[in-house]
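Text of entry23.txt (compact mmCIF, C-alpha atoms (C1' of nucleotides)) as supplied:
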# COMPACT_ATOMS: atom_id res chain seq x y z
CA MET A 13 148.50 181.50 -136.54
CA PRO A 14 150.28 178.35 -137.54
CA GLU A 15 150.67 175.77 -134.86
CA LEU A 16 151.13 172.24 -136.10
CA PRO A 17 147.37 171.62 -136.29
CA GLU A 18 146.91 174.61 -138.55
CA VAL A 19 149.81 173.67 -140.75
CA GLU A 20 148.27 170.24 -141.11
CA THR A 21 144.89 171.81 -141.78
CA THR A 22 146.50 173.98 -144.44
CA ARG A 23 148.09 170.92 -145.99
CA ARG A 24 144.76 169.12 -146.13
CA GLY A 25 143.07 172.22 -147.45
CA ILE A 26 145.40 172.87 -150.34
CA GLU A 27 146.24 169.29 -151.30
CA PRO A 28 143.13 168.58 -153.37
CA HIS A 29 143.69 171.78 -155.35
CA CYS A 30 147.41 171.21 -155.91
CA ALA A 31 148.21 167.54 -156.21
CA GLY A 32 148.59 166.53 -159.83
CA LYS A 33 148.25 170.09 -161.10
CA ARG A 34 150.77 171.74 -163.35
CA VAL A 35 152.30 175.09 -162.43
CA THR A 36 151.79 177.64 -165.18
CA GLN A 37 153.45 180.64 -163.62
CA VAL A 38 155.20 181.81 -160.46
CA VAL A 39 155.12 185.39 -159.23
CA VAL A 40 157.47 186.53 -156.45
CA ARG A 41 156.49 190.03 -155.39
CA ASP A 42 158.75 190.16 -152.35
CA SER A 43 161.55 187.71 -151.71
CA ARG A 44 162.61 189.13 -148.35
CA MET A 45 161.60 186.37 -145.96
CA ARG A 46 163.40 184.59 -143.09
CA TRP A 47 165.80 183.70 -145.86
CA PRO A 48 165.41 185.09 -149.35
CA VAL A 49 163.01 183.14 -151.52
CA THR A 50 165.20 180.89 -153.68
CA PRO A 51 166.33 183.06 -156.62
CA GLY A 52 164.98 181.91 -159.95
CA LEU A 53 162.12 179.99 -158.37
CA GLU A 54 159.99 180.94 -161.36
CA LYS A 55 162.26 179.00 -163.73
CA LEU A 56 162.88 176.16 -161.30
CA ILE A 57 159.28 175.15 -160.79
CA GLY A 58 157.48 176.78 -163.68
CA LYS A 59 155.73 174.32 -166.03
CA ASN A 60 156.32 171.40 -163.66
CA ARG A 61 153.69 169.31 -161.96
CA ILE A 62 152.97 169.28 -158.23
CA THR A 63 153.16 165.63 -157.28
CA SER A 64 152.74 165.73 -153.51
CA VAL A 65 151.79 167.95 -150.60
CA ALA A 66 153.40 166.65 -147.41
CA ARG A 67 154.30 167.97 -143.98
CA ARG A 68 157.29 167.49 -141.69
CA ALA A 69 157.11 169.36 -138.39
CA LYS A 70 155.68 172.76 -139.32
CA TYR A 71 157.22 172.66 -142.79
CA LEU A 72 155.03 172.06 -145.79
CA LEU A 73 156.75 170.08 -148.51
CA LEU A 74 155.48 170.54 -152.03
CA GLY A 75 156.89 167.93 -154.36
CA ILE A 76 157.25 169.69 -157.72
CA GLY A 77 158.94 168.10 -160.70
CA GLU A 78 162.25 166.69 -159.53
CA GLY A 79 162.54 168.64 -156.28
CA THR A 80 160.72 170.02 -153.27
CA LEU A 81 159.52 173.45 -152.30
CA ILE A 82 159.99 173.77 -148.54
CA VAL A 83 157.47 176.23 -147.11
CA HIS A 84 157.28 177.51 -143.54
CA LEU A 85 154.52 179.85 -142.41
CA GLY A 86 156.54 181.39 -139.60
CA MET A 87 154.32 183.10 -137.08
CA SER A 88 151.95 184.92 -139.33
CA GLY A 89 151.99 183.16 -142.68
CA SER A 90 149.18 181.57 -144.60
CA LEU A 91 148.76 179.67 -147.81
CA ARG A 92 145.44 179.92 -149.58
CA ILE A 93 143.79 178.81 -152.74
CA VAL A 94 142.32 181.80 -154.52
CA ASP A 95 140.93 182.54 -157.94
CA LYS A 96 143.39 183.73 -160.55
CA THR A 97 141.38 186.91 -160.92
CA ALA A 98 141.64 187.83 -157.22
CA ALA A 99 143.84 190.89 -156.89
CA PRO A 100 146.83 190.39 -154.58
CA GLY A 101 146.63 192.27 -151.30
CA LYS A 102 149.16 193.49 -148.80
CA HIS A 103 151.77 190.89 -147.84
CA ASP A 104 150.75 188.51 -150.63
CA HIS A 105 154.38 187.79 -151.41
CA VAL A 106 154.24 184.79 -153.70
CA ASP A 107 151.74 183.32 -156.17
CA ILE A 108 152.01 179.87 -157.62
CA VAL A 109 149.57 179.87 -160.50
CA LEU A 110 148.07 176.49 -161.31
CA GLU A 111 146.51 175.14 -164.45
CA GLY A 112 142.75 175.52 -164.24
CA GLY A 113 142.66 179.10 -163.00
CA LYS A 114 143.49 178.73 -159.31
CA VAL A 115 146.40 180.27 -157.47
CA LEU A 116 148.27 179.05 -154.42
CA ARG A 117 148.91 182.35 -152.66
CA TYR A 118 151.45 182.88 -149.90
CA ASN A 119 150.83 185.71 -147.44
CA ASP A 120 153.04 186.56 -144.48
CA PRO A 121 152.92 189.99 -142.77
CA ARG A 122 155.86 189.38 -140.47
CA ARG A 123 157.95 187.56 -143.08
CA PHE A 124 159.24 185.01 -140.58
CA GLY A 125 158.38 182.23 -142.99
CA CYS A 126 160.32 180.87 -145.94
CA LEU A 127 160.04 179.33 -149.39
CA LEU A 128 163.11 177.35 -150.30
CA TRP A 129 163.73 175.13 -153.28
CA HIS A 130 165.60 171.88 -152.67
CA GLN A 131 166.61 169.49 -155.42
CA GLU A 132 167.25 166.41 -153.32
CA ASP A 133 165.29 164.48 -150.74
CA PRO A 134 164.05 167.15 -148.29
CA ILE A 135 164.90 164.81 -145.41
CA ASN A 136 168.53 165.80 -146.00
CA HIS A 137 167.93 169.52 -145.99
CA PRO A 138 169.80 171.22 -143.11
CA LEU A 139 166.53 172.60 -141.74
CA LEU A 140 164.94 169.17 -141.59
CA SER A 141 167.76 166.70 -141.06
CA ARG A 142 168.17 167.21 -137.33
CA LEU A 143 164.56 167.47 -136.25
CA GLY A 144 163.09 165.29 -133.54
CA PRO A 145 160.23 162.83 -134.11
CA GLU A 146 156.68 163.80 -135.00
CA PRO A 147 154.48 164.16 -131.91
CA LEU A 148 151.78 161.98 -133.45
CA GLY A 149 154.16 159.26 -134.58
CA ASN A 150 155.28 156.10 -132.79
CA GLU A 151 158.75 157.30 -131.94
CA PHE A 152 157.38 159.90 -129.54
CA ASP A 153 156.65 157.99 -126.36
CA ALA A 154 157.34 158.10 -122.63
CA ASP A 155 160.46 156.01 -122.93
CA TYR A 156 161.97 158.31 -125.54
CA MET A 157 161.17 161.45 -123.57
CA TYR A 158 162.47 159.96 -120.36
CA ARG A 159 165.77 158.98 -121.98
CA GLN A 160 166.21 162.31 -123.76
CA SER A 161 165.51 164.29 -120.63
CA ARG A 162 167.99 162.71 -118.24
CA ARG A 163 170.50 165.23 -116.90
CA ARG A 164 168.58 168.02 -118.60
CA LYS A 165 168.23 171.04 -116.38
CA ALA A 166 166.09 173.11 -118.73
CA ALA A 167 162.46 173.72 -117.83
CA VAL A 168 160.23 170.96 -119.14
CA LYS A 169 158.25 173.49 -121.18
CA ALA A 170 161.35 174.61 -123.07
CA PHE A 171 162.33 170.96 -123.50
CA LEU A 172 158.92 170.15 -124.92
CA MET A 173 159.15 173.05 -127.36
CA ASP A 174 162.63 172.12 -128.56
CA GLY A 175 162.31 170.88 -132.13
CA HIS A 176 165.35 168.65 -131.75
CA ILE A 177 163.48 166.68 -129.08
CA VAL A 178 160.01 166.61 -130.61
CA VAL A 179 158.62 168.81 -133.35
CA GLY A 180 155.41 170.75 -133.65
CA VAL A 181 154.67 171.59 -130.03
CA GLY A 182 154.30 175.36 -130.01
CA ASN A 183 153.70 177.71 -127.13
CA ILE A 184 149.93 177.30 -126.97
CA TYR A 185 149.91 173.54 -126.91
CA ALA A 186 152.88 173.25 -124.60
CA ASN A 187 150.91 175.28 -122.07
CA GLU A 188 147.78 173.21 -122.61
CA ALA A 189 149.46 169.81 -122.49
CA LEU A 190 151.36 170.62 -119.31
CA HIS A 191 148.16 171.73 -117.62
CA ARG A 192 146.28 168.64 -118.69
CA ALA A 193 149.15 166.47 -117.50
CA GLY A 194 149.47 168.29 -114.16
CA VAL A 195 153.12 169.15 -114.74
CA HIS A 196 154.58 172.49 -113.64
CA PRO A 197 156.12 174.25 -116.67
CA SER A 198 159.27 175.30 -114.80
CA ARG A 199 160.09 171.85 -113.50
CA GLN A 200 163.47 170.59 -114.68
CA ALA A 201 163.02 168.15 -117.54
CA GLY A 202 165.53 165.76 -115.99
CA ARG A 203 163.59 165.55 -112.76
CA ILE A 204 160.37 164.14 -114.12
CA SER A 205 159.55 160.46 -113.76
CA ARG A 206 158.87 158.06 -116.60
CA ARG A 207 155.35 157.72 -115.30
CA ARG A 208 154.73 161.44 -115.59
CA TYR A 209 156.23 161.54 -119.07
CA ASP A 210 153.78 158.85 -120.00
CA ARG A 211 150.95 161.14 -118.97
CA LEU A 212 152.52 164.16 -120.65
CA VAL A 213 153.08 162.38 -123.94
CA GLY A 214 149.46 161.26 -123.93
CA GLU A 215 148.23 164.79 -123.32
CA VAL A 216 150.45 166.30 -126.03
CA ARG A 217 148.96 163.80 -128.45
CA ALA A 218 145.42 164.39 -127.27
CA VAL A 219 145.60 168.15 -127.43
CA LEU A 220 147.14 168.14 -130.90
CA MET A 221 144.68 165.60 -132.23
CA ASN A 222 141.76 167.57 -130.84
CA ALA A 223 143.08 170.71 -132.42
CA ILE A 224 143.57 169.06 -135.79
CA ALA A 225 140.04 167.69 -135.69
CA ASP A 226 138.91 171.14 -134.72
CA GLY A 227 141.27 172.92 -137.06
CA GLY A 228 139.28 171.32 -139.81
CA THR A 229 136.22 172.99 -138.47
CA THR A 230 137.92 176.25 -137.63
CA LEU A 231 139.41 176.72 -141.03
CA ARG A 232 136.84 174.77 -142.96
CA ASP A 233 136.33 177.64 -145.33
CA PHE A 234 139.81 179.11 -145.19
CA VAL A 235 140.21 178.09 -148.78
CA GLY A 236 139.07 181.05 -150.75
CA SER A 237 138.20 183.25 -147.83
CA ASP A 238 139.77 184.57 -144.71
CA GLY A 239 140.81 181.92 -142.23
CA LYS A 240 139.88 183.62 -139.03
CA PRO A 241 142.35 183.24 -136.19
CA GLY A 242 141.63 182.46 -132.59
CA TYR A 243 138.63 180.17 -132.86
CA PHE A 244 140.42 177.51 -130.79
CA ARG A 245 140.36 179.96 -127.98
CA GLN A 246 137.25 178.69 -126.28
CA GLN A 247 138.78 175.25 -125.91
CA LEU A 248 141.99 176.44 -124.36
CA ALA A 249 142.12 175.78 -120.63
CA VAL A 250 145.09 177.97 -119.77
CA TYR A 251 146.57 179.83 -122.72
CA GLY A 252 145.49 183.47 -122.62
CA ARG A 253 143.68 182.91 -119.33
CA GLY A 254 146.17 184.21 -116.79
CA GLY A 255 144.28 185.56 -113.78
CA GLU A 256 141.17 183.50 -114.49
CA PRO A 257 140.12 180.57 -112.29
CA CYS A 258 141.44 177.11 -113.15
CA GLN A 259 138.66 175.06 -114.74
CA THR A 260 139.66 172.10 -112.61
CA CYS A 261 140.17 173.56 -109.13
CA ALA A 262 139.23 177.26 -109.40
CA THR A 263 142.65 178.42 -108.25
CA THR A 264 143.74 181.62 -110.02
CA LEU A 265 145.89 180.76 -113.05
CA LYS A 266 149.33 182.27 -112.90
CA GLU A 267 151.13 183.88 -115.84
CA ILE A 268 154.91 184.01 -116.02
CA ARG A 269 157.56 184.34 -118.73
CA LEU A 270 159.64 181.31 -119.47
CA GLY A 271 162.25 181.52 -122.18
CA GLN A 272 160.76 184.80 -123.45
CA ARG A 273 157.37 183.20 -123.90
CA SER A 274 154.17 183.68 -122.05
CA THR A 275 153.45 180.73 -119.79
CA VAL A 276 150.22 180.10 -117.94
CA PHE A 277 149.65 177.39 -115.37
CA CYS A 278 147.68 176.43 -112.30
CA PRO A 279 149.87 176.57 -109.20
CA GLU A 280 147.61 174.04 -107.53
CA CYS A 281 147.10 171.37 -110.22
CA GLN A 282 150.55 171.55 -111.77
CA THR A 283 153.48 170.37 -109.67
C1' DA B 1 176.80 169.51 -125.11
C1' DC B 2 173.66 172.44 -123.08
C1' DG B 3 170.94 176.55 -122.01
C1' DA B 4 169.74 181.35 -122.21
C1' DA B 5 169.28 185.33 -124.93
C1' DG B 6 169.11 187.88 -129.31
C1' DC B 7 167.11 188.66 -133.42
C1' DC B 8 164.42 188.59 -137.89
C1' DC B 9 159.55 191.65 -139.06
C1' DT B 10 154.86 193.86 -138.96
C1' DG B 11 150.62 194.81 -136.54
C1' DC B 12 147.98 195.72 -132.77
C1' DA B 13 146.56 197.07 -128.08
C1' DA B 14 147.45 199.54 -124.05
C1' DG B 15 149.25 203.46 -121.68
C1' DC B 16 150.62 208.17 -121.48
C1' DT C 26 144.62 212.14 -131.57
C1' DG C 27 149.28 210.59 -131.67
C1' DC C 28 153.29 208.87 -129.85
C1' DT C 29 155.86 205.02 -127.39
C1' DT C 30 156.14 200.53 -125.55
C1' DG C 31 155.47 195.78 -125.30
C1' DC C 32 153.77 191.69 -126.96
C1' DA C 33 152.32 188.04 -130.59
C1' DG C 34 151.05 181.30 -132.27
C1' DG C 35 158.60 180.32 -134.59
C1' DG C 36 163.02 178.99 -134.60
C1' DC C 37 167.83 179.79 -136.27
C1' DT C 38 172.02 181.78 -134.51
C1' DT C 39 175.17 183.39 -131.20
C1' DC C 40 177.24 183.61 -126.88
C1' DG C 41 178.61 181.99 -122.36

Represent the structure contained in this file as structure tokens.
Amino acid sequence: MPELPEVETTRRGIEPHCAGKRVTQVVVRDSRMRWPVTPGLEKLIGKNRITSVARRAKYLLLGIGEGTLIVHLGMSGSLRIVDKTAAPGKHDHVDIVLEGGKVLRYNDPRRFGCLLWHQEDPINHPLLSRLGPEPLGNEFDADYMYRQSRRRKAAVKAFLMDGHIVVGVGNIYANEALHRAGVHPSRQAGRISRRRYDRLVGEVRAVLMNAIADGGTTLRDFVGSDGKPGYFRQQLAVYGRGGEPCQTCATTLKEIRLGQRSTVFCPECQT
DNA sequence: ACGAAGCCCTGCAAGC
DNA sequence: TGCTTGCAGGGCTTCG
């Protein structure tokens, strides 16, 4: 579920319930995640106040007391605000109980996510220190992408999804942005002009911003209830539409695998 | 340095 | 109906 827009939507959804609140209790039911949940988390953050709820790439950063809880939702994770009385269900691995009777509840069926405690500035954490710029920030522009891509032989789609180049562009939005920009996903990153990167950068931005605006709508009531997946679907021009006609030129959309991931494009519009 | 592949895990749909 | 297979929105790690 979590692409960058949904992580940002989660951040916005939980922030008002968390910021300024004191933690009264932490319950770790299952610590087996991508990496084990930091041992002793209960002691480390218990009784401290949540001061901030930030995001870097697809990591949520909860400022608590003197440190930061780094949370990643992996591929199937979610973070919800529920009532203290709500019984935990399957895959509800961690509860952060807040003063006032609400609980920040972490659920992740596939356990690809993580919850890691970090005492210092999270910027210096190994997982965060080498990440590329934010796709919606100023650093991400045509010039940057052009420079980074020279002599790169990898497919532009893989390049776009590489977190060391730019963060937050997952499989869905890579497919969408490339279609909107008219760029073939298999084209070598180093063989794309500055002009075309200009277009691509604009479309990455546009598609993410649309999704964030929409993510708000999609998951408007995810707090307290079930955030239903797949509502973006109707807006997606190519993802999940292999074999269907291109909305621009009616050519049949082609589906291939690129770097183990499903890739859909229009052989006519994308060159 | 770069690029491709492997792997972590559960759930679900499709095919036999 | 029940089994097996493949695939899923991520990304670190390993290998060549």

Item to check | Test item: chain A residues at most 12 Å from chain C, counting only C-alpha atoms (C1' of nucleotides), as a ChimeraX atom specification | outcome: /A:13-19,46-47,69-71,84-89,122-126,138-139,143,173-176,179-187,241-242,244-245,251-252,269,272-274

Next on the checklist: Could you tell me which residues of chain B sit within 10 Å of chain A when counting only C-alpha atoms (C1' of nucleotides), and give me the result as a PyMOL selection string?
Outcome noted: chain B and resi 2-5+8-11

Next on the checklist: Can you pull out the residues contacting range 133-137 of chain A? Cut-off 8 Å, using only C-alpha atoms (C1' of nucleotides), and skip same-chain residues under 5 positions away; I want them as an MDAnalysis selection string.
Outcome noted: chainID A and resid 73 79:80 82

Taking all atoms of range 121-129 of chain A that the file lists and extending 6 Å past them on each side, where is the centre of the axis-aligned box and how long are its edges? Answer in Å to one decimal, as AutoDock Vina command-line options.
--center_x 158.3 --center_y 182.6 --center_z -146.9 --size_x 22.8 --size_y 26.9 --size_z 24.8

Next on the checklist: Using all atoms listed in the file, which protein or nucleic acid residues come within 7 Å of range 149-155 of chain A? Drop anything in the same chain fewer than 4 positions from it, and give the result as a ChimeraX atom specification.
Outcome noted: /A:145,159,206,209-210,213

Next on the checklist: Using Å and a single decimal, report how far CA of Gly144 in chain A sits from CA of Gln247 in chain A.
Outcome noted: 27.4 Å

Item to check | For Leu81 in chain A: contacts at 7 Å, only C-alpha atoms (C1' of nucleotides), fewer than 6 positions along chain excluded, given as a PyMOL selection string | outcome: chain A and resi 73-75+127-130

Checklist outcome for this item: Between CA of Val216 in chain A and CA of Tyr158 in chain A lies a distance of 14.7 Å

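Taking CA of Phe277 in chain A and CA of Val250 in chain A as endpoints, the distance between them is 6.4 Å.
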
Spatial neighbours of Val40 in chain A, max dist 10 Å, only C-alpha atoms (C1' of nucleotides), sep filter under 2 positions, as a short mmCIF file (atom, residue, chain, number, x, y, z; two decimals) with C-alpha atoms, keeping the file's coordinate frame:
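Writing the result to result13.cif gives the following:
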data_model
loop_
_atom_site.label_atom_id
_atom_site.label_comp_id
_atom_site.auth_asym_id
_atom_site.auth_seq_id
_atom_site.Cartn_x
_atom_site.Cartn_y
_atom_site.Cartn_z
CA VAL A 38 155.20 181.81 -160.46
CA ASP A 42 158.75 190.16 -152.35
CA SER A 43 161.55 187.71 -151.71
CA ARG A 44 162.61 189.13 -148.35
CA VAL A 49 163.01 183.14 -151.52
CA THR A 50 165.20 180.89 -153.68
CA PRO A 51 166.33 183.06 -156.62
CA GLY A 52 164.98 181.91 -159.95
CA LEU A 53 162.12 179.99 -158.37
CA GLU A 54 159.99 180.94 -161.36
CA ASP A 104 150.75 188.51 -150.63
CA HIS A 105 154.38 187.79 -151.41
CA VAL A 106 154.24 184.79 -153.70
CA ASP A 107 151.74 183.32 -156.17
CA ILE A 108 152.01 179.87 -157.62
CA TYR A 118 151.45 182.88 -149.90
#
